[in-house]
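Asker: mmCIF, C-alpha atoms, file data.cif:
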data_work
loop_
_atom_site.label_atom_id
_atom_site.label_comp_id
_atom_site.auth_asym_id
_atom_site.auth_seq_id
_atom_site.Cartn_x
_atom_site.Cartn_y
_atom_site.Cartn_z
CA MET A 96 38.89 -30.28 -36.78
CA ALA A 97 40.86 -27.05 -37.03
CA VAL A 98 39.06 -23.73 -36.82
CA GLN A 99 38.01 -22.66 -40.35
CA TYR A 100 37.13 -19.18 -41.55
CA LEU A 101 34.34 -19.53 -44.12
CA LYS A 102 34.22 -15.73 -44.46
CA ARG A 103 36.75 -13.16 -43.31
CA GLY A 104 36.50 -9.41 -42.85
CA LYS A 105 39.07 -6.74 -43.58
CA PRO A 106 42.63 -7.77 -42.69
CA ASN A 107 43.99 -6.29 -39.47
CA SER A 108 46.50 -4.20 -41.43
CA GLU A 109 43.71 -2.30 -43.19
CA ARG A 110 41.82 -1.83 -39.93
CA ALA A 111 45.00 -0.41 -38.39
CA GLU A 112 45.30 2.10 -41.25
CA ASP A 113 41.72 3.24 -40.62
CA ASP A 114 42.50 3.64 -36.91
CA ALA A 115 45.62 5.71 -37.65
CA LYS A 116 43.66 8.12 -39.86
CA THR A 117 41.00 8.50 -37.18
CA LYS A 118 43.63 9.16 -34.52
CA ALA A 119 45.20 11.99 -36.51
CA VAL A 120 41.87 13.71 -37.19
CA VAL A 121 40.84 13.50 -33.54
CA GLU A 122 44.16 14.80 -32.24
CA ALA A 123 44.03 17.89 -34.48
CA THR A 124 40.38 18.55 -33.64
CA LEU A 125 40.88 18.38 -29.88
CA LYS A 126 43.82 20.78 -30.11
CA ASP A 127 41.63 23.20 -32.05
CA ILE A 128 38.89 23.02 -29.39
CA GLU A 129 41.44 23.66 -26.66
CA LEU A 130 42.85 26.69 -28.49
CA ARG A 131 39.66 28.30 -29.79
CA GLY A 132 36.87 27.01 -27.56
CA ASP A 133 33.34 27.91 -28.60
CA VAL A 134 34.47 29.26 -31.97
CA ALA A 135 36.01 25.91 -32.90
CA VAL A 136 32.96 24.00 -31.65
CA ARG A 137 30.65 26.19 -33.74
CA GLU A 138 32.77 25.74 -36.88
CA LEU A 139 32.92 21.98 -36.40
CA SER A 140 29.17 21.79 -35.91
CA ALA A 141 28.64 23.79 -39.09
CA ASN A 142 31.04 21.60 -41.07
CA PHE A 143 29.93 18.19 -39.86
CA ASP A 144 26.29 18.68 -38.86
CA ASN A 145 25.30 21.83 -40.78
CA TYR A 146 23.90 23.07 -37.48
CA THR A 147 24.60 26.50 -35.96
CA PRO A 148 21.86 27.48 -33.48
CA PRO A 149 22.06 30.65 -31.38
CA SER A 150 22.89 28.39 -28.42
CA PHE A 151 23.83 24.71 -28.40
CA LYS A 152 22.37 24.42 -24.90
CA LEU A 153 18.63 23.84 -24.90
CA SER A 154 16.45 26.04 -22.71
CA GLU A 155 13.73 24.64 -20.48
CA GLN A 156 11.14 25.95 -22.93
CA GLU A 157 12.83 24.28 -25.89
CA ILE A 158 12.94 21.00 -23.98
CA SER A 159 9.24 21.29 -23.08
CA ASP A 160 8.29 22.07 -26.68
CA LEU A 161 10.23 19.07 -28.00
CA MET A 162 8.66 16.73 -25.46
CA ALA A 163 5.21 18.06 -26.31
CA SER A 164 5.74 17.01 -29.92
CA LEU A 165 5.83 13.33 -28.91
CA SER A 166 2.71 11.19 -28.69
CA GLU A 167 1.51 9.72 -25.40
CA ARG A 168 2.52 6.27 -26.65
CA GLU A 169 6.06 7.41 -27.48
CA LEU A 170 6.51 9.02 -24.09
CA ALA A 171 5.07 5.97 -22.34
CA ASP A 172 7.48 3.68 -24.19
CA ILE A 173 10.44 5.86 -23.24
CA LYS A 174 9.34 5.89 -19.60
CA PHE A 175 8.86 2.10 -19.58
CA ALA A 176 12.35 1.44 -20.95
CA GLN A 177 13.87 3.96 -18.58
CA ALA A 178 12.14 2.35 -15.62
CA GLN A 179 13.74 -1.00 -16.47
CA VAL A 180 17.20 0.58 -16.63
CA ARG A 181 16.66 2.51 -13.39
CA ASN A 182 15.37 -0.58 -11.57
CA PHE A 183 18.40 -2.69 -12.48
CA ALA A 184 20.80 0.19 -11.78
CA GLN A 185 19.20 0.72 -8.37
CA ALA A 186 19.59 -2.97 -7.53
CA GLN A 187 23.25 -2.72 -8.49
CA ARG A 188 23.68 0.43 -6.40
CA ASP A 189 22.07 -1.26 -3.42
CA SER A 190 24.68 -4.01 -3.64
CA MET A 191 27.52 -1.49 -3.17
CA LEU A 192 27.85 -0.83 0.53
CA ASP A 193 29.94 1.60 2.51
CA ILE A 194 31.90 -0.36 5.10
CA GLU A 195 33.65 0.32 8.39
CA ILE A 196 35.40 -2.39 10.39
CA GLU A 197 37.74 -2.64 13.39
CA THR A 198 40.69 -4.65 12.08
CA LEU A 199 42.69 -4.45 15.32
CA PRO A 200 41.61 -3.11 18.69
CA GLY A 201 41.39 0.66 18.18
CA VAL A 202 42.07 0.55 14.40
CA ILE A 203 39.12 1.55 12.23
CA LEU A 204 39.21 1.09 8.43
CA GLY A 205 36.46 1.83 5.98
CA HIS A 206 35.45 2.98 2.55
CA LYS A 207 32.80 5.26 1.12
CA ASN A 208 31.26 5.13 -2.35
CA ILE A 209 31.18 8.73 -3.56
CA PRO A 210 29.58 9.81 -6.86
CA VAL A 211 31.73 11.42 -9.53
CA GLN A 212 30.85 15.11 -9.23
CA SER A 213 30.22 15.89 -12.91
CA VAL A 214 29.65 13.65 -15.90
CA GLY A 215 29.31 14.29 -19.63
CA CYS A 216 26.99 11.77 -21.32
CA TYR A 217 27.34 11.38 -25.07
CA VAL A 218 24.27 10.04 -26.86
CA PRO A 219 24.89 9.13 -30.54
CA GLY A 220 22.33 10.20 -33.09
CA GLY A 221 23.81 11.20 -36.42
CA LYS A 222 22.52 8.20 -38.42
CA PHE A 223 20.01 6.83 -35.91
CA PRO A 224 18.70 8.76 -32.87
CA MET A 225 19.89 6.55 -30.00
CA VAL A 226 17.09 7.17 -27.52
CA ALA A 227 18.14 4.19 -25.40
CA SER A 228 21.66 5.52 -24.89
CA ALA A 229 20.20 8.37 -22.85
CA HIS A 230 18.71 5.88 -20.38
CA MET A 231 21.97 3.97 -20.14
CA SER A 232 24.13 6.96 -19.27
CA VAL A 233 21.94 9.76 -17.91
CA ALA A 234 19.45 7.72 -15.90
CA THR A 235 22.18 5.48 -14.50
CA ALA A 236 24.25 8.51 -13.45
CA THR A 237 21.14 9.86 -11.71
CA VAL A 238 20.70 6.62 -9.77
CA ALA A 239 24.37 6.90 -8.73
CA GLY A 240 23.72 10.39 -7.37
CA VAL A 241 25.93 12.42 -9.73
CA PRO A 242 25.18 16.08 -8.89
CA ARG A 243 25.94 17.55 -12.36
CA ILE A 244 24.99 15.64 -15.50
CA LEU A 245 25.60 17.08 -18.98
CA ALA A 246 24.12 15.36 -22.01
CA CYS A 247 25.14 15.91 -25.63
CA THR A 248 23.58 14.53 -28.79
CA PRO A 249 24.02 15.56 -32.43
CA PRO A 250 21.19 17.10 -34.41
CA PHE A 251 19.07 14.64 -36.36
CA LYS A 252 18.06 15.84 -39.82
CA GLY A 253 19.05 19.37 -38.89
CA LYS A 254 17.31 19.72 -35.54
CA PRO A 255 17.18 18.23 -32.03
CA ASN A 256 15.55 14.82 -31.92
CA ALA A 257 12.55 15.09 -29.61
CA ALA A 258 12.66 11.50 -28.36
CA VAL A 259 16.35 11.68 -27.42
CA ILE A 260 15.87 15.03 -25.68
CA ALA A 261 12.86 13.66 -23.77
CA ALA A 262 14.89 10.64 -22.62
CA MET A 263 17.74 12.90 -21.48
CA HIS A 264 15.38 15.17 -19.57
CA LEU A 265 13.39 12.35 -17.98
CA GLY A 266 16.66 10.62 -17.13
CA GLY A 267 17.74 13.60 -15.04
CA ALA A 268 20.17 15.61 -17.19
CA HIS A 269 20.89 19.06 -15.75
CA GLU A 270 22.27 20.52 -18.99
CA ILE A 271 21.37 19.37 -22.51
CA TYR A 272 23.41 20.37 -25.57
CA VAL A 273 22.75 19.59 -29.22
CA MET A 274 26.27 18.82 -30.39
CA GLY A 275 27.80 15.76 -31.98
CA GLY A 276 31.03 13.91 -32.48
CA ILE A 277 34.48 15.05 -31.45
CA GLN A 278 33.29 18.58 -30.76
CA ALA A 279 30.77 17.33 -28.18
CA VAL A 280 33.08 15.12 -26.14
CA GLY A 281 35.93 17.60 -26.58
CA ALA A 282 33.85 20.52 -25.31
CA MET A 283 32.58 18.56 -22.32
CA ALA A 284 36.05 17.35 -21.32
CA ILE A 285 38.18 20.39 -22.15
CA GLY A 286 35.58 23.08 -21.50
CA THR A 287 34.88 26.26 -23.46
CA GLU A 288 33.85 29.80 -22.62
CA THR A 289 30.25 28.61 -22.13
CA ILE A 290 30.69 24.99 -21.01
CA LYS A 291 32.27 24.11 -17.69
CA PRO A 292 34.35 20.93 -18.09
CA VAL A 293 33.26 17.65 -16.52
CA HIS A 294 35.21 15.09 -14.51
CA MET A 295 34.17 12.07 -16.58
CA LEU A 296 32.91 11.14 -20.06
CA VAL A 297 30.56 8.23 -20.73
CA GLY A 298 28.57 6.81 -23.61
CA PRO A 299 29.07 4.99 -26.91
CA GLY A 300 29.83 6.55 -30.27
CA ASN A 301 31.45 6.08 -33.63
CA ALA A 302 35.17 5.52 -34.18
CA PHE A 303 35.90 9.26 -33.83
CA VAL A 304 34.03 9.57 -30.53
CA ALA A 305 35.75 6.47 -29.15
CA GLU A 306 39.17 7.78 -30.19
CA ALA A 307 38.42 11.20 -28.69
CA LYS A 308 37.58 9.56 -25.37
CA ARG A 309 40.81 7.56 -25.55
CA GLN A 310 42.89 10.69 -26.12
CA LEU A 311 41.07 12.61 -23.39
CA PHE A 312 41.48 9.85 -20.80
CA GLY A 313 43.66 11.14 -17.99
CA ARG A 314 42.42 14.70 -18.35
CA VAL A 315 39.04 13.22 -17.48
CA GLY A 316 37.86 9.75 -16.56
CA ILE A 317 36.00 7.63 -19.07
CA ASP A 318 33.66 4.71 -18.68
CA LEU A 319 35.34 2.44 -21.24
CA PHE A 320 36.26 2.26 -24.91
CA ALA A 321 32.82 1.89 -26.49
CA GLY A 322 33.32 2.31 -30.22
CA PRO A 323 31.45 0.87 -33.21
CA THR A 324 29.20 -1.99 -32.17
CA GLU A 325 30.34 -5.60 -32.34
CA THR A 326 28.22 -8.73 -32.27
CA MET A 327 28.98 -12.44 -32.14
CA VAL A 328 26.47 -15.25 -32.52
CA ILE A 329 27.51 -18.59 -31.03
CA ALA A 330 25.13 -21.21 -32.36
CA ASP A 331 24.74 -24.91 -33.03
CA ASP A 332 22.20 -26.86 -35.07
CA THR A 333 19.38 -26.18 -32.59
CA VAL A 334 18.62 -22.91 -34.42
CA VAL A 335 18.11 -21.97 -38.06
CA GLY A 336 20.09 -19.76 -40.40
CA GLU A 337 17.38 -17.11 -40.66
CA LEU A 338 17.59 -16.44 -36.91
CA CYS A 339 21.38 -16.13 -36.98
CA ALA A 340 21.33 -13.93 -40.08
CA THR A 341 18.75 -11.63 -38.52
CA ASP A 342 20.76 -11.24 -35.33
CA LEU A 343 23.96 -10.53 -37.26
CA LEU A 344 22.48 -7.96 -39.64
CA GLY A 345 20.47 -6.39 -36.82
CA GLN A 346 23.76 -5.12 -35.41
CA ALA A 347 25.64 -4.65 -38.68
CA GLU A 348 23.18 -1.87 -39.57
CA HIS A 349 24.70 0.33 -36.83
CA GLY A 350 27.46 1.58 -39.13
CA TYR A 351 29.92 0.77 -41.88
CA ASN A 352 32.47 -0.75 -39.53
CA SER A 353 30.45 -2.93 -37.15
CA PRO A 354 31.95 -6.43 -36.84
CA ALA A 355 29.42 -9.28 -36.94
CA VAL A 356 30.68 -12.84 -36.41
CA LEU A 357 28.99 -16.23 -36.57
CA LEU A 358 30.76 -18.90 -34.51
CA THR A 359 29.34 -22.38 -35.04
CA ASN A 360 30.11 -26.08 -35.03
CA SER A 361 27.55 -26.79 -37.76
CA ARG A 362 28.62 -26.47 -41.39
CA LYS A 363 24.96 -26.62 -42.45
CA LEU A 364 24.04 -23.70 -40.17
CA ALA A 365 27.00 -21.69 -41.47
CA ASP A 366 25.97 -22.22 -45.09
CA ASP A 367 22.29 -21.55 -44.35
CA THR A 368 23.20 -18.32 -42.51
CA LEU A 369 25.31 -17.05 -45.41
CA ARG A 370 22.41 -17.70 -47.82
CA GLU A 371 19.94 -15.99 -45.49
CA ILE A 372 22.20 -12.94 -45.16
CA ASP A 373 22.30 -12.60 -48.96
CA ARG A 374 18.49 -12.87 -49.05
CA LEU A 375 17.85 -10.41 -46.23
CA LEU A 376 20.24 -7.82 -47.64
CA LYS A 377 17.95 -7.58 -50.68
CA ILE A 378 14.96 -6.53 -48.53
CA LEU A 379 16.44 -4.88 -45.41
CA PRO A 380 15.73 -1.11 -45.51
CA THR A 381 19.10 -0.41 -43.88
CA ALA A 382 20.98 -2.70 -46.26
CA ASP A 383 23.08 0.17 -47.62
CA THR A 384 24.83 0.29 -44.26
CA ALA A 385 24.56 -3.34 -43.17
CA ALA A 386 25.88 -4.71 -46.47
CA VAL A 387 29.07 -2.66 -46.27
CA SER A 388 29.62 -3.64 -42.65
CA TRP A 389 29.03 -7.31 -43.42
CA ALA A 390 31.30 -7.25 -46.48
CA ASP A 391 34.19 -5.57 -44.64
CA TYR A 392 33.78 -6.82 -41.06
CA GLY A 393 31.56 -9.90 -41.20
CA GLU A 394 33.04 -13.31 -40.41
CA VAL A 395 31.83 -16.91 -40.29
CA ILE A 396 33.99 -19.26 -38.24
CA LEU A 397 33.48 -23.02 -38.19
CA CYS A 398 34.72 -24.98 -35.18
CA GLY A 399 34.77 -28.67 -34.39
CA THR A 400 33.73 -28.57 -30.74
CA TYR A 401 32.06 -26.38 -28.14
CA GLU A 402 35.44 -26.04 -26.45
CA GLU A 403 36.93 -24.59 -29.66
CA MET A 404 34.04 -22.14 -29.92
CA LEU A 405 34.65 -21.07 -26.32
CA THR A 406 38.36 -20.51 -26.97
CA VAL A 407 37.74 -18.43 -30.09
CA ALA A 408 34.97 -16.43 -28.38
CA ASN A 409 37.12 -15.58 -25.36
CA ASP A 410 39.99 -14.56 -27.65
CA MET A 411 37.80 -12.26 -29.74
CA ALA A 412 36.10 -10.74 -26.65
CA SER A 413 33.16 -9.39 -28.63
CA GLU A 414 30.94 -6.64 -27.27
CA HIS A 415 27.66 -8.57 -27.66
CA VAL A 416 27.64 -12.36 -27.55
CA GLN A 417 24.40 -14.11 -28.49
CA VAL A 418 24.49 -17.78 -27.41
CA MET A 419 21.95 -20.21 -28.92
CA THR A 420 23.07 -23.76 -28.21
CA THR A 421 22.29 -26.83 -26.13
CA ARG A 422 24.92 -25.60 -23.66
CA ASP A 423 23.96 -21.97 -22.99
CA ASP A 424 24.57 -22.21 -19.23
CA TRP A 425 27.95 -23.86 -19.88
CA PHE A 426 28.97 -20.81 -21.92
CA LEU A 427 27.68 -18.54 -19.12
CA GLU A 428 29.88 -20.44 -16.65
CA HIS A 429 33.01 -20.49 -18.81
CA MET A 430 32.95 -17.28 -20.86
CA THR A 431 35.43 -14.78 -19.38
CA CYS A 432 35.95 -12.07 -22.02
CA TYR A 433 32.93 -10.27 -23.49
CA GLY A 434 30.72 -7.22 -23.09
CA ALA A 435 27.35 -8.81 -22.38
CA LEU A 436 25.82 -12.25 -22.92
CA PHE A 437 22.41 -12.90 -24.45
CA LEU A 438 21.44 -16.46 -23.65
CA GLY A 439 18.98 -18.57 -25.62
CA PRO A 440 16.98 -17.97 -28.80
CA ARG A 441 14.20 -16.11 -26.96
CA THR A 442 16.44 -13.16 -26.21
CA ASN A 443 18.54 -11.00 -28.52
CA VAL A 444 20.90 -8.05 -28.50
CA SER A 445 18.10 -5.61 -29.29
CA ASN A 446 16.52 -6.45 -25.92
CA GLY A 447 19.66 -5.24 -24.19
CA ASP A 448 20.07 -2.30 -26.54
CA LYS A 449 16.63 -0.85 -25.96
CA VAL A 450 14.49 -2.08 -23.11
CA ILE A 451 15.31 -5.06 -20.92
CA GLY A 452 17.25 -3.07 -18.30
CA THR A 453 20.91 -4.08 -18.56
CA ASN A 454 23.23 -1.36 -19.81
CA HIS A 455 24.07 -1.32 -23.50
CA THR A 456 27.25 0.75 -23.28
CA LEU A 457 29.76 -2.08 -23.53
CA PRO A 458 33.48 -2.67 -24.19
CA THR A 459 34.66 -3.05 -27.79
CA LYS A 460 37.98 -3.86 -29.48
CA LYS A 461 38.75 -6.61 -26.97
CA ALA A 462 38.39 -4.31 -23.95
CA GLY A 463 36.11 -6.98 -22.51
CA ARG A 464 39.31 -8.75 -21.48
CA TYR A 465 39.80 -6.22 -18.66
CA THR A 466 36.53 -4.35 -18.09
CA GLY A 467 32.81 -4.83 -18.09
CA GLY A 468 30.28 -2.36 -19.43
CA LEU A 469 28.87 0.87 -18.08
CA TRP A 470 26.93 0.40 -14.85
CA VAL A 471 26.02 2.42 -11.81
CA GLY A 472 29.35 1.56 -10.19
CA LYS A 473 31.27 3.39 -12.94
CA PHE A 474 29.85 6.65 -11.59
CA LEU A 475 31.02 5.90 -8.06
CA LYS A 476 34.52 6.24 -6.61
CA THR A 477 35.38 3.98 -3.71
CA HIS A 478 37.51 5.97 -1.26
CA SER A 479 39.11 4.41 1.80
CA TYR A 480 39.70 6.03 5.19
CA GLN A 481 41.35 5.05 8.47
CA LYS A 482 41.20 6.07 12.10
CA ILE A 483 43.36 5.03 15.08
CA MET A 484 41.37 5.47 18.25
CA THR A 485 43.72 4.42 21.11
CA ASP A 486 47.29 5.07 22.22
CA GLU A 487 47.94 1.33 22.25
CA ALA A 488 46.88 0.93 18.61
CA ALA A 489 48.93 3.95 17.53
CA THR A 490 51.99 2.45 19.21
CA LEU A 491 51.51 -1.06 17.82
CA VAL A 492 50.89 0.00 14.22
CA GLY A 493 53.61 2.66 14.46
CA GLU A 494 56.26 0.14 15.52
CA TYR A 495 55.50 -2.20 12.63
CA GLY A 496 55.24 0.72 10.21
CA SER A 497 58.58 2.16 11.36
CA ARG A 498 60.47 -1.07 10.79
CA LEU A 499 58.82 -1.73 7.42
CA CYS A 500 59.66 1.79 6.22
CA MET A 501 63.31 1.29 7.17
CA LEU A 502 63.27 -2.06 5.35
CA GLU A 503 62.58 -0.08 2.16
CA GLY A 504 64.99 2.75 3.03
CA PHE A 505 62.32 5.40 3.64
CA VAL A 506 63.71 7.16 6.72
CA GLY A 507 61.30 10.08 6.53
CA HIS A 508 58.38 7.67 6.31
CA ALA A 509 59.71 5.84 9.36
CA GLU A 510 59.84 9.09 11.35
CA GLN A 511 56.10 9.61 10.75
CA CYS A 512 55.58 6.33 12.55
CA ASN A 513 58.30 6.98 15.17
CA MET A 514 56.68 10.24 16.25
CA ARG A 515 53.54 8.31 17.20
CA VAL A 516 55.53 5.60 18.98
CA ARG A 517 57.27 8.26 21.09
CA ARG A 518 54.14 10.34 21.69
CA TYR A 519 51.59 7.62 22.40
CA GLY A 520 53.78 4.74 23.57
CA GLY A 521 56.44 6.54 25.54
CA ILE A 522 59.12 4.52 23.70
CA ASP A 523 62.41 6.23 22.83
CA VAL A 524 63.24 5.63 19.18
CA PRO A 525 66.45 7.36 18.00
CA TYR A 526 65.90 9.65 15.01
CA GLY A 527 66.63 7.96 11.70
CA THR A 528 66.22 4.41 13.00
CA GLY A 529 63.42 1.90 13.03
CA ALA A 530 61.45 1.13 16.15
CA PRO A 531 62.87 -1.70 18.26
CA TYR A 532 61.18 -5.06 18.32
CA ARG A 533 59.12 -5.67 21.43
CA ALA A 534 57.40 -8.90 22.30
CA VAL A 535 53.69 -8.16 22.53
CA THR A 536 51.86 -10.01 25.29
CA GLU A 537 48.18 -10.15 26.05
#
Turn this file's structure into structure tokens for me.

Answerer:
Amino acid sequence: MAVQYLKRGKPNSERAEDDAKTKAVVEATLKDIELRGDVAVRELSANFDNYTPPSFKLSEQEISDLMASLSERELADIKFAQAQVRNFAQAQRDSMLDIEIETLPGVILGHKNIPVQSVGCYVPGGKFPMVASAHMSVATATVAGVPRILACTPPFKGKPNAAVIAAMHLGGAHEIYVMGGIQAVGAMAIGTETIKPVHMLVGPGNAFVAEAKRQLFGRVGIDLFAGPTETMVIADDTVVGELCATDLLGQAEHGYNSPAVLLTNSRKLADDTLREIDRLLKILPTADTAAVSWADYGEVILCGTYEEMLTVANDMASEHVQVMTTRDDWFLEHMTCYGALFLGPRTNVSNGDKVIGTNHTLPTKKAGRYTGGLWVGKFLKTHSYQKIMTDEAATLVGEYGSRLCMLEGFVGHAEQCNMRVRRYGGIDVPYGTGAPYRAVTE
């Protein structure tokens, strides 16, 4: 059977209009921050967050007071989740080795994994305080060895959220600012009179934060395009509609533009899921948000085979892909474009979002076609180096290099090689020519 859409979201043309409006707002805002620095940041914070403290940077005493307001259970839960993230990040870091090898006698090549020297971590929190996002960015940057870590989060209900601040501090942030949205990522990347700019921006956010990171890329590095959350449930008749509906709405509550897609080969499951979504939206406390997201961005797609589901899933490249079928490991083997996989009915996206240990900052808007999510390796730069240790190696490599440079017409390049051939090999190479061919014998 052909792929059928039982429910569609907004057409792509309308989504493109929304993106264009966001782009214009972000561009103007970043220019304002660049021109007016702290003054612009303060005005933006007043306008969007109604928050104008004496200093956006929290003092050590303010951080201590906020942490003291949490219960022992809350702090223990934060520490447990952060330990899972750190443990997995450390295992990933341990897999990344510096190398040095002798590729030819006397020729040494290697690479070193060097931490990015300063990182700005954005932790969303306008609608929901994203405590877990602090673990994913700040704690992972700490494991990578980043020497300067800034963390920004918007005020929550007019003041810093204690749990988010605790997670940032425990994660290893060196500077913590209570700022949100475009003004936060703009200030960290561009710099102001009071904020030294960073080399890299990381962390998820709403459409405006994601667009700001896109426009700032090049001036600074970014982890990936991590905009409004996306979720896809791939399911067959081994699960029930209530489970699928719960997993879809559990992510749709993130915001008003969070795509949630059911991909199934069971018409009964599709119909049951649609009925369950209608039922749950009547009792879900966050239904005001989830209902809008589902109405505008929710989709139900019916396929005839597992192979069709795989093709559609790889084409959509969703951020979160929940697989609940008789062929979960087959999807693990064959899926190529996604943010993260959640395999089997016992797991769910919330595990990855909050506690299990994998990173929840993941690619959206089909970026999973060319990148994975945030991980410890994103904070590391792999830099190569080379050494030539003997006259013989300098001569051998120089001769090949000289001729190959001349093959491309780079005479000046060739002379860099020729100088070594003359100096270390005692071979006369006329200026502006390639080195002669010599038979090399053992």

Asker: Can you tell me which residues surround segment 117-126 of chain A at a distance of at most 8 Å, considering only C-alpha atoms, apart from same-chain residues fewer than 3 positions away, and format the answer as a list of chain:residue names?

Answerer: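 Listed by chain and then number, they are A:Asp113, A:Asp114, A:Glu129, A:Leu130, A:Ile277, A:Gln278, A:Gly281, A:Ala302, A:Phe303, A:Glu306, A:Ala307, A:Gln310.
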
Asker: Take atom CA of Gln99 of chain A and atom CA of Thr359 of chain A and report the distance between them in Å, one decimal.

Answerer: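 Distance reported for this atom pair: 10.2 Å.
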
Asker: So, counting all atoms listed in the file, which residue among A:Arg422, A:Arg515, A:Lys152, A:Lys461 is closest to Gly493 of chain A?

Answerer: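 For Gly493 of chain A, the nearest of the given residues is A:Arg515.
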
Asker: At most 9 Å from (17.9, -5.4, -42.3), file frame, all atoms listed in the file: which residues, as an mmCIF file with C-alpha atoms, in the frame of the given file?

Answerer:
data_model
loop_
_atom_site.group_PDB
_atom_site.id
_atom_site.type_symbol
_atom_site.label_atom_id
_atom_site.label_comp_id
_atom_site.auth_asym_id
_atom_site.auth_seq_id
_atom_site.Cartn_x
_atom_site.Cartn_y
_atom_site.Cartn_z
ATOM 1 C CA THR A 341 18.750 -11.630 -38.520
ATOM 2 C CA LEU A 344 22.480 -7.960 -39.640
ATOM 3 C CA GLY A 345 20.470 -6.390 -36.820
ATOM 4 C CA ALA A 347 25.640 -4.650 -38.680
ATOM 5 C CA GLU A 348 23.180 -1.870 -39.570
ATOM 6 C CA LEU A 375 17.850 -10.410 -46.230
ATOM 7 C CA LEU A 376 20.240 -7.820 -47.640
ATOM 8 C CA LYS A 377 17.950 -7.580 -50.680
ATOM 9 C CA ILE A 378 14.960 -6.530 -48.530
ATOM 10 C CA LEU A 379 16.440 -4.880 -45.410
ATOM 11 C CA PRO A 380 15.730 -1.110 -45.510
ATOM 12 C CA THR A 381 19.100 -0.410 -43.880
ATOM 13 C CA ALA A 382 20.980 -2.700 -46.260
ATOM 14 C CA ALA A 385 24.560 -3.340 -43.170
#

Asker: With all atoms listed in the file as the counted atoms, please give the residues lying no more than 8 Å from segment 100-110 of chain A, apart from itself and same-chain residues fewer than 5 positions off, as a VMD selection string.

Answerer: chain A and resid 389 to 397

Asker: Using C-alpha atoms, can you write the selected residues to a file as a PDB file, keeping the file's coordinate frame?

Answerer:
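The resulting file, result-v4.pdb, is reproduced below:
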ATOM      1  CA  TRP A 389      29.030  -7.310 -43.420  1.00  0.00           C
ATOM      2  CA  ALA A 390      31.300  -7.250 -46.480  1.00  0.00           C
ATOM      3  CA  ASP A 391      34.190  -5.570 -44.640  1.00  0.00           C
ATOM      4  CA  TYR A 392      33.780  -6.820 -41.060  1.00  0.00           C
ATOM      5  CA  GLY A 393      31.560  -9.900 -41.200  1.00  0.00           C
ATOM      6  CA  GLU A 394      33.040 -13.310 -40.410  1.00  0.00           C
ATOM      7  CA  VAL A 395      31.830 -16.910 -40.290  1.00  0.00           C
ATOM      8  CA  ILE A 396      33.990 -19.260 -38.240  1.00  0.00           C
ATOM      9  CA  LEU A 397      33.480 -23.020 -38.190  1.00  0.00           C
TER      10      LEU A 397
END

Asker: My list of candidates is A:Pro354, A:Pro255, A:Pro149, A:Gly220. Which is closest to Lys460 of chain A when distances are computed with only C-alpha atoms?

Answerer: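 Result for the nearest residue to Lys460 of chain A: A:Pro354.
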
Asker: Ranking A:Leu357, A:Ala305, A:Val450, A:Ile194 by minimum distance to Lys174 of chain A and counting all atoms listed in the file, which one comes first?

Answerer: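 Looking only at the distances to Lys174 of chain A, the closest residue turns out to be A:Val450.
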
Asker: Tell me which protein, DNA and RNA residues are within 12 Å of Thr289 of chain A, counting only C-alpha atoms, leaving out same-chain ones fewer than 6 positions away, and put them as a PyMOL selection string.

Answerer: chain A and resi 132-134+136-137+150-152+270+272+282-283

Asker: With distances taken over only C-alpha atoms, which of A:Asn256, A:Thr333, A:Asn301, A:Asn352 is nearest to Asp423 of chain A?

Answerer: A:Thr333
